[in-house]
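Next comes my_file.txt, a file with compact mmCIF, C-alpha atoms and all ligand atoms.
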```
# COMPACT_ATOMS: atom_id res chain seq x y z
CA MET A 1 7.98 -19.43 6.20
CA LEU A 2 7.75 -15.77 7.24
CA ALA A 3 6.94 -14.88 10.83
CA ILE A 4 6.74 -11.54 12.62
CA ARG A 5 7.61 -11.26 16.29
CA ILE A 6 7.88 -8.54 18.90
CA ALA A 7 11.51 -7.64 19.66
CA THR A 8 13.00 -8.18 23.12
CA LEU A 9 15.85 -6.43 24.93
CA ASP A 10 18.15 -9.17 23.60
CA ASP A 11 17.64 -7.91 20.02
CA ALA A 12 19.63 -4.66 20.35
CA SER A 13 22.66 -5.90 18.38
CA LEU A 14 20.49 -7.47 15.70
CA LEU A 15 18.51 -4.24 15.19
CA ALA A 16 21.75 -2.21 15.03
CA THR A 17 23.19 -4.58 12.43
CA ILE A 18 20.10 -4.64 10.20
CA GLY A 19 19.74 -0.86 10.51
CA THR A 20 23.36 -0.18 9.55
CA GLU A 21 23.36 -2.68 6.71
CA THR A 22 20.01 -1.64 5.17
CA PHE A 23 20.48 2.11 5.59
CA SER A 24 23.93 1.82 3.93
CA ALA A 25 22.66 -0.35 1.07
CA THR A 26 19.77 2.04 0.40
CA PHE A 27 21.38 5.46 0.78
CA ALA A 28 25.19 5.24 0.42
CA ALA A 29 25.09 5.92 -3.33
CA ASP A 30 23.26 9.25 -2.85
CA ASN A 31 25.15 10.63 0.14
CA THR A 32 28.73 11.52 0.99
CA PRO A 33 30.72 8.96 3.00
CA GLU A 34 31.17 11.59 5.74
CA ASN A 35 27.43 12.20 6.12
CA MET A 36 26.72 8.47 6.02
CA ALA A 37 29.31 7.81 8.73
CA LEU A 38 27.93 10.60 10.96
CA TYR A 39 24.36 9.37 10.64
CA LEU A 40 25.16 5.67 11.10
CA ALA A 41 27.28 6.34 14.19
CA ALA A 42 24.54 8.46 15.75
CA SER A 43 21.65 6.15 14.87
CA PHE A 44 22.75 2.52 14.97
CA SER A 45 24.71 0.86 17.76
CA PRO A 46 23.75 -1.86 20.22
CA GLU A 47 23.68 0.82 22.96
CA LYS A 48 21.38 3.12 20.96
CA GLN A 49 18.97 0.31 20.03
CA ALA A 50 19.02 -0.99 23.63
CA ALA A 51 17.95 2.47 24.83
CA GLU A 52 15.18 2.57 22.19
CA LEU A 53 13.99 -0.93 23.12
CA ALA A 54 13.67 0.25 26.73
CA GLU A 55 11.45 3.25 25.81
CA VAL A 56 7.88 2.68 27.02
CA ASP A 57 6.32 4.15 23.88
CA SER A 58 8.60 2.45 21.32
CA PHE A 59 7.79 -0.94 19.80
CA PHE A 60 9.81 -3.10 17.42
CA LEU A 61 8.60 -5.87 15.10
CA ILE A 62 11.11 -8.27 13.57
CA ALA A 63 10.40 -10.29 10.40
CA GLU A 64 12.07 -13.70 10.22
CA LYS A 65 12.26 -16.31 7.48
CA GLY A 66 12.89 -19.47 9.42
CA THR A 67 15.77 -18.50 11.69
CA ILE A 68 16.97 -15.64 9.46
CA PRO A 69 16.00 -12.08 10.49
CA VAL A 70 15.02 -10.31 7.25
CA GLY A 71 13.72 -6.93 8.39
CA TYR A 72 12.28 -4.84 11.17
CA ALA A 73 9.96 -1.96 11.94
CA MET A 74 9.94 0.54 14.80
CA LEU A 75 6.73 2.20 15.97
CA LYS A 76 6.44 5.12 18.38
CA ARG A 77 3.20 5.88 20.20
CA GLY A 78 2.16 9.51 20.65
CA SER A 79 4.77 10.96 18.28
CA THR A 80 3.30 13.64 16.02
CA GLU A 81 3.96 16.71 13.83
CA ALA A 82 1.91 19.78 12.88
CA CYS A 83 0.65 18.26 9.60
CA ILE A 84 -0.58 15.02 11.23
CA SER A 85 -4.35 14.93 11.72
CA SER A 86 -4.82 11.68 13.67
CA ALA A 87 -6.04 12.12 17.25
CA HIS A 88 -3.95 9.17 18.44
CA PRO A 89 -1.01 9.02 16.03
CA ILE A 90 1.65 6.33 15.87
CA GLU A 91 4.89 7.06 14.01
CA LEU A 92 6.47 4.41 11.83
CA VAL A 93 10.02 5.47 12.72
CA ARG A 94 11.94 2.77 10.87
CA PHE A 95 10.93 0.23 8.24
CA TYR A 96 13.69 -1.90 6.77
CA VAL A 97 13.74 -5.08 4.70
CA ARG A 98 17.28 -6.42 4.19
CA ALA A 99 18.34 -6.08 0.54
CA PRO A 100 18.43 -9.79 -0.45
CA TRP A 101 14.84 -10.21 0.77
CA GLN A 102 13.28 -7.11 -0.82
CA GLY A 103 10.56 -7.54 -3.45
CA GLN A 104 9.34 -10.81 -1.95
CA GLY A 105 6.43 -9.60 0.15
CA VAL A 106 8.33 -9.16 3.43
CA GLY A 107 7.48 -5.44 3.49
CA ALA A 108 3.82 -6.25 2.96
CA ALA A 109 3.75 -8.72 5.84
CA LEU A 110 5.65 -6.31 8.08
CA MET A 111 3.30 -3.43 7.20
CA GLN A 112 0.26 -5.59 7.93
CA ALA A 113 1.76 -6.41 11.32
CA CYS A 114 2.55 -2.72 11.98
CA LEU A 115 -1.05 -1.74 11.27
CA ALA A 116 -2.33 -4.44 13.62
CA GLU A 117 0.15 -3.46 16.33
CA ALA A 118 -0.65 0.25 15.92
CA ALA A 119 -4.37 -0.52 16.28
CA ARG A 120 -3.63 -2.64 19.36
CA LEU A 121 -1.75 0.32 20.83
CA GLY A 122 -4.85 2.49 20.40
CA GLY A 123 -3.64 4.40 17.35
CA ASP A 124 -6.09 5.81 14.80
CA GLY A 125 -3.41 6.88 12.33
CA LEU A 126 0.04 5.78 11.21
CA TRP A 127 2.54 8.29 9.80
CA LEU A 128 6.16 8.39 8.62
CA GLY A 129 8.84 10.51 6.99
CA VAL A 130 10.41 9.22 3.76
CA TRP A 131 13.17 10.87 1.71
CA GLU A 132 11.78 12.53 -1.41
CA ARG A 133 14.52 10.68 -3.34
CA ASN A 134 13.39 7.19 -2.22
CA PRO A 135 10.76 6.47 -4.92
CA ARG A 136 10.54 2.75 -4.24
CA ALA A 137 9.60 3.30 -0.60
CA ILE A 138 7.18 6.12 -1.56
CA ARG A 139 5.46 3.78 -4.04
CA PHE A 140 5.29 1.08 -1.42
CA TYR A 141 3.71 3.43 1.13
CA GLN A 142 1.25 4.83 -1.44
CA LYS A 143 0.21 1.28 -2.24
CA TRP A 144 -0.49 0.87 1.46
CA GLY A 145 -2.78 3.90 1.52
CA PHE A 146 -0.39 6.52 2.87
CA VAL A 147 -0.83 10.01 1.41
CA ARG A 148 1.54 12.95 1.57
CA VAL A 149 0.38 15.45 4.20
CA GLY A 150 3.48 17.64 4.41
CA THR A 151 7.26 17.71 4.45
CA HIS A 152 9.98 18.06 7.04
CA ILE A 153 13.74 18.42 7.03
CA PHE A 154 15.80 15.35 7.80
CA GLN A 155 19.31 16.39 8.80
CA MET A 156 21.72 13.95 7.17
CA GLY A 157 25.12 15.05 8.49
CA ASP A 158 25.57 18.52 6.96
CA ASP A 159 22.86 17.94 4.32
CA PRO A 160 19.32 19.16 5.12
CA GLN A 161 17.17 16.73 3.11
CA ILE A 162 13.45 16.95 2.38
CA ASP A 163 11.30 14.09 3.63
CA TRP A 164 7.71 13.60 2.59
CA VAL A 165 5.50 13.19 5.63
CA MET A 166 2.88 10.55 4.83
CA GLU A 167 -0.11 9.43 6.90
CA ARG A 168 -2.90 6.89 6.71
CA GLN A 169 -5.83 6.07 8.94
CA ILE A 170 -6.08 2.85 10.85
CA GLY A 171 -9.56 1.43 10.86
CA PRO A 172 -12.14 -0.82 9.25
CA ASN A 173 -12.75 1.46 6.26
CA THR A 174 -9.19 1.73 5.01
CA ARG A 175 -7.61 -0.33 2.25
CA GLU A 176 -5.06 -2.92 3.36
CA GLY A 177 -2.25 -2.93 0.79
C1 LIG B 1 10.56 -0.14 0.77
C2 LIG B 1 10.64 -1.55 1.36
C3 LIG B 1 10.38 -1.49 2.85
C4 LIG B 1 9.59 -2.45 0.70
O1 LIG B 1 9.72 -3.75 1.24
P1 LIG B 1 9.66 -5.04 0.28
O2 LIG B 1 9.78 -6.24 1.13
O3 LIG B 1 10.64 -4.88 -0.82
O4 LIG B 1 8.16 -4.88 -0.22
P2 LIG B 1 7.23 -5.94 -0.95
O5 LIG B 1 8.03 -7.07 -1.49
O6 LIG B 1 6.12 -6.27 -0.01
O7 LIG B 1 6.66 -5.06 -2.11
C5 LIG B 1 7.54 -4.31 -2.90
C6 LIG B 1 7.35 -4.61 -4.33
O8 LIG B 1 7.67 -5.96 -4.63
C7 LIG B 1 6.55 -6.60 -5.23
N1 LIG B 1 6.46 -7.97 -4.74
C8 LIG B 1 5.76 -8.42 -3.70
N2 LIG B 1 5.91 -9.74 -3.56
C9 LIG B 1 6.76 -10.14 -4.54
C10 LIG B 1 7.32 -11.39 -4.90
N3 LIG B 1 7.00 -12.53 -4.24
N4 LIG B 1 8.20 -11.42 -5.93
C11 LIG B 1 8.51 -10.28 -6.60
N5 LIG B 1 7.99 -9.07 -6.31
C12 LIG B 1 7.14 -9.00 -5.29
C13 LIG B 1 5.36 -5.82 -4.83
O9 LIG B 1 4.33 -5.94 -5.79
C14 LIG B 1 5.92 -4.43 -4.77
O10 LIG B 1 5.91 -3.88 -6.06
P3 LIG B 1 6.06 -2.32 -6.32
O11 LIG B 1 7.53 -2.01 -6.25
O12 LIG B 1 5.52 -2.07 -7.69
O13 LIG B 1 5.30 -1.62 -5.24
C15 LIG B 1 12.02 -2.20 1.11
O14 LIG B 1 12.30 -2.16 -0.27
C16 LIG B 1 13.15 -1.59 1.90
O15 LIG B 1 13.39 -1.93 3.04
N6 LIG B 1 13.91 -0.66 1.25
C17 LIG B 1 15.13 -0.14 1.82
C18 LIG B 1 14.92 0.66 3.09
C19 LIG B 1 13.91 1.74 2.91
O16 LIG B 1 13.93 2.51 1.96
N7 LIG B 1 13.04 1.82 3.93
C20 LIG B 1 12.04 2.85 3.99
C21 LIG B 1 12.64 4.03 4.68
S1 LIG B 1 11.43 5.31 4.89
```

For the file at hand, write its structure as structure tokens.
Amino acid sequence: MLAIRIATLDDASLLATIGTETFSATFAADNTPENMALYLAASFSPEKQAAELAEVDSFFLIAEKGTIPVGYAMLKRGSTEACISSAHPIELVRFYVRAPWQGQGVGAALMQACLAEAARLGGDGLWLGVWERNPRAIRFYQKWGFVRVGTHIFQMGDDPQIDWVMERQIGPNTREG
């Protein structure tokens, strides 16, 4: 049975672990060990996730199958970029389903929960950056109604990578998955 819950301050270690594990599983094959190590150290630690959990405009949703945490999403209210057209944008900063549970609808349930949470936060649009070399995630986001509205550089260690910036509206007239 899959359930989605709001994270608490006690979840910092869990978020750091899932982030490290899923980012490594997804991107290690296409990046140097040095760049991976730099990025992981800067992005995922209990201290870093504790600081993010304490931010007033950041929100985390955790997906659990029974007692097993299987993925999480991070939303940020008010974050925007030049190519984003929403008046009240929410950024989908992180969206991770742990490898053994991918392809089983966890991402769909988590995305549905993100859209509901973003609407609850007053957002009229959800946007994200996704590496141009992550076709599975791009397909997933396209299926969920996100369209490419621009690009930005994602600095991965010493490698400036191109992310697609994708956005979708939140509202009654948009397709849900
Ligand atoms: C991209 C990602 C979030 C998608 O999550 P997911 O849980 O695998 O997504 P879903 O299972 O809901 O859907 C994915 C696919 O599985 C299929 N699927 C859904 N339920 C399924 C089931 N019960 N059995 C088999 N396949 C299923 C969907 O039809 C979909 O097909 P598609 O690949 O043709 O689009 C996930 O793969 C992931 O975390 N990847 C690694 C991290 C990452 O890249 N994050 C995004 C960074 S921007």

Select the residues contacting ligand LIG 1 (chain B) at a distance of at most 9 Å, based on only C-alpha atoms and all ligand atoms, then format the selection as number ranges by chain.
A: 19, 22-23, 25-27, 71-72, 92-99, 101-111, 128-131, 134-143, 163

Please report the interatomic distance between atom CA of A:Gly157 and atom CA of A:Ser24 in Å with one decimal.
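A separation of 14.0 Å between them.
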
From atom CA of A:Glu55 to atom CA of A:Gly125 the spacing works out at 20.4 Å

Nearest to A:Asp158 among A:Ala29, A:Leu75, A:Met36, A:Ala54, with distances taken over only C-alpha atoms: which residue is it?
A:Met36

Can you tell me, as an mmCIF file with C-alpha atoms, keeping the file's coordinate frame, what residues are no more than 10 Å from stretch 6-12 of chain A when counting only C-alpha atoms, ignoring any on the same chain fewer than 6 positions away?
```cif
data_model
loop_
_atom_site.group_PDB
_atom_site.id
_atom_site.type_symbol
_atom_site.label_atom_id
_atom_site.label_comp_id
_atom_site.auth_asym_id
_atom_site.auth_seq_id
_atom_site.Cartn_x
_atom_site.Cartn_y
_atom_site.Cartn_z
ATOM 1 C CA PHE A 44 22.750 2.520 14.970
ATOM 2 C CA SER A 45 24.710 0.860 17.760
ATOM 3 C CA PRO A 46 23.750 -1.860 20.220
ATOM 4 C CA GLU A 47 23.680 0.820 22.960
ATOM 5 C CA LYS A 48 21.380 3.120 20.960
ATOM 6 C CA GLN A 49 18.970 0.310 20.030
ATOM 7 C CA ALA A 50 19.020 -0.990 23.630
ATOM 8 C CA ALA A 51 17.950 2.470 24.830
ATOM 9 C CA GLU A 52 15.180 2.570 22.190
ATOM 10 C CA LEU A 53 13.990 -0.930 23.120
ATOM 11 C CA ALA A 54 13.670 0.250 26.730
ATOM 12 C CA PHE A 59 7.790 -0.940 19.800
ATOM 13 C CA PHE A 60 9.810 -3.100 17.420
ATOM 14 C CA LEU A 61 8.600 -5.870 15.100
ATOM 15 C CA ILE A 62 11.110 -8.270 13.570
ATOM 16 C CA ALA A 63 10.400 -10.290 10.400
ATOM 17 C CA TYR A 72 12.280 -4.840 11.170
ATOM 18 C CA ALA A 73 9.960 -1.960 11.940
ATOM 19 C CA MET A 74 9.940 0.540 14.800
ATOM 20 C CA ALA A 113 1.760 -6.410 11.320
ATOM 21 C CA GLU A 117 0.150 -3.460 16.330
#
```

Name the residues in contact with A:His88 at a cut-off of 9 Å, using only C-alpha atoms, excluding same-chain residues fewer than 5 positions from it; report them as number ranges by chain.
A: 77-80, 122-126

Closest of A:Lys76, A:Arg5, A:Glu91, A:Pro100 to A:Glu21 - atom-to-atom distances counting all atoms listed in the file:
A:Pro100

Just the residues within 9 Å of A:Ile84, please, counting all atoms listed in the file, with nothing from its chain fewer than 4 positions along; format it as a list of chain:residue names.
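Listed by chain and then number, they are A:Thr80, A:Pro89, A:Gly125, A:Trp127, A:Val149, A:Gly150, A:Val165, A:Met166, A:Glu167.
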
So, counting all atoms listed in the file, which residue among A:Val56, A:Val70, A:Ile170, A:Ile153 is closest to A:Leu115?
A:Ile170

By how many Å are atom CA of A:Ile90 and atom CA of A:Ser43 apart?
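Atom CA of A:Ser43 lies 20.0 Å from atom CA of A:Ile90.
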
Check the smallest atom-to-atom distance from each of A:Gln112, A:Gln169, A:Gln155, A:Gln161 to A:Ala3 using only C-alpha atoms, then report the winner.
A:Gln112

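Of the listed residues (A:Ala87, A:Ala42, A:Ala37, A:Ala116), A:Ala116 comes nearest to A:Ile4; the distances count only C-alpha atoms.
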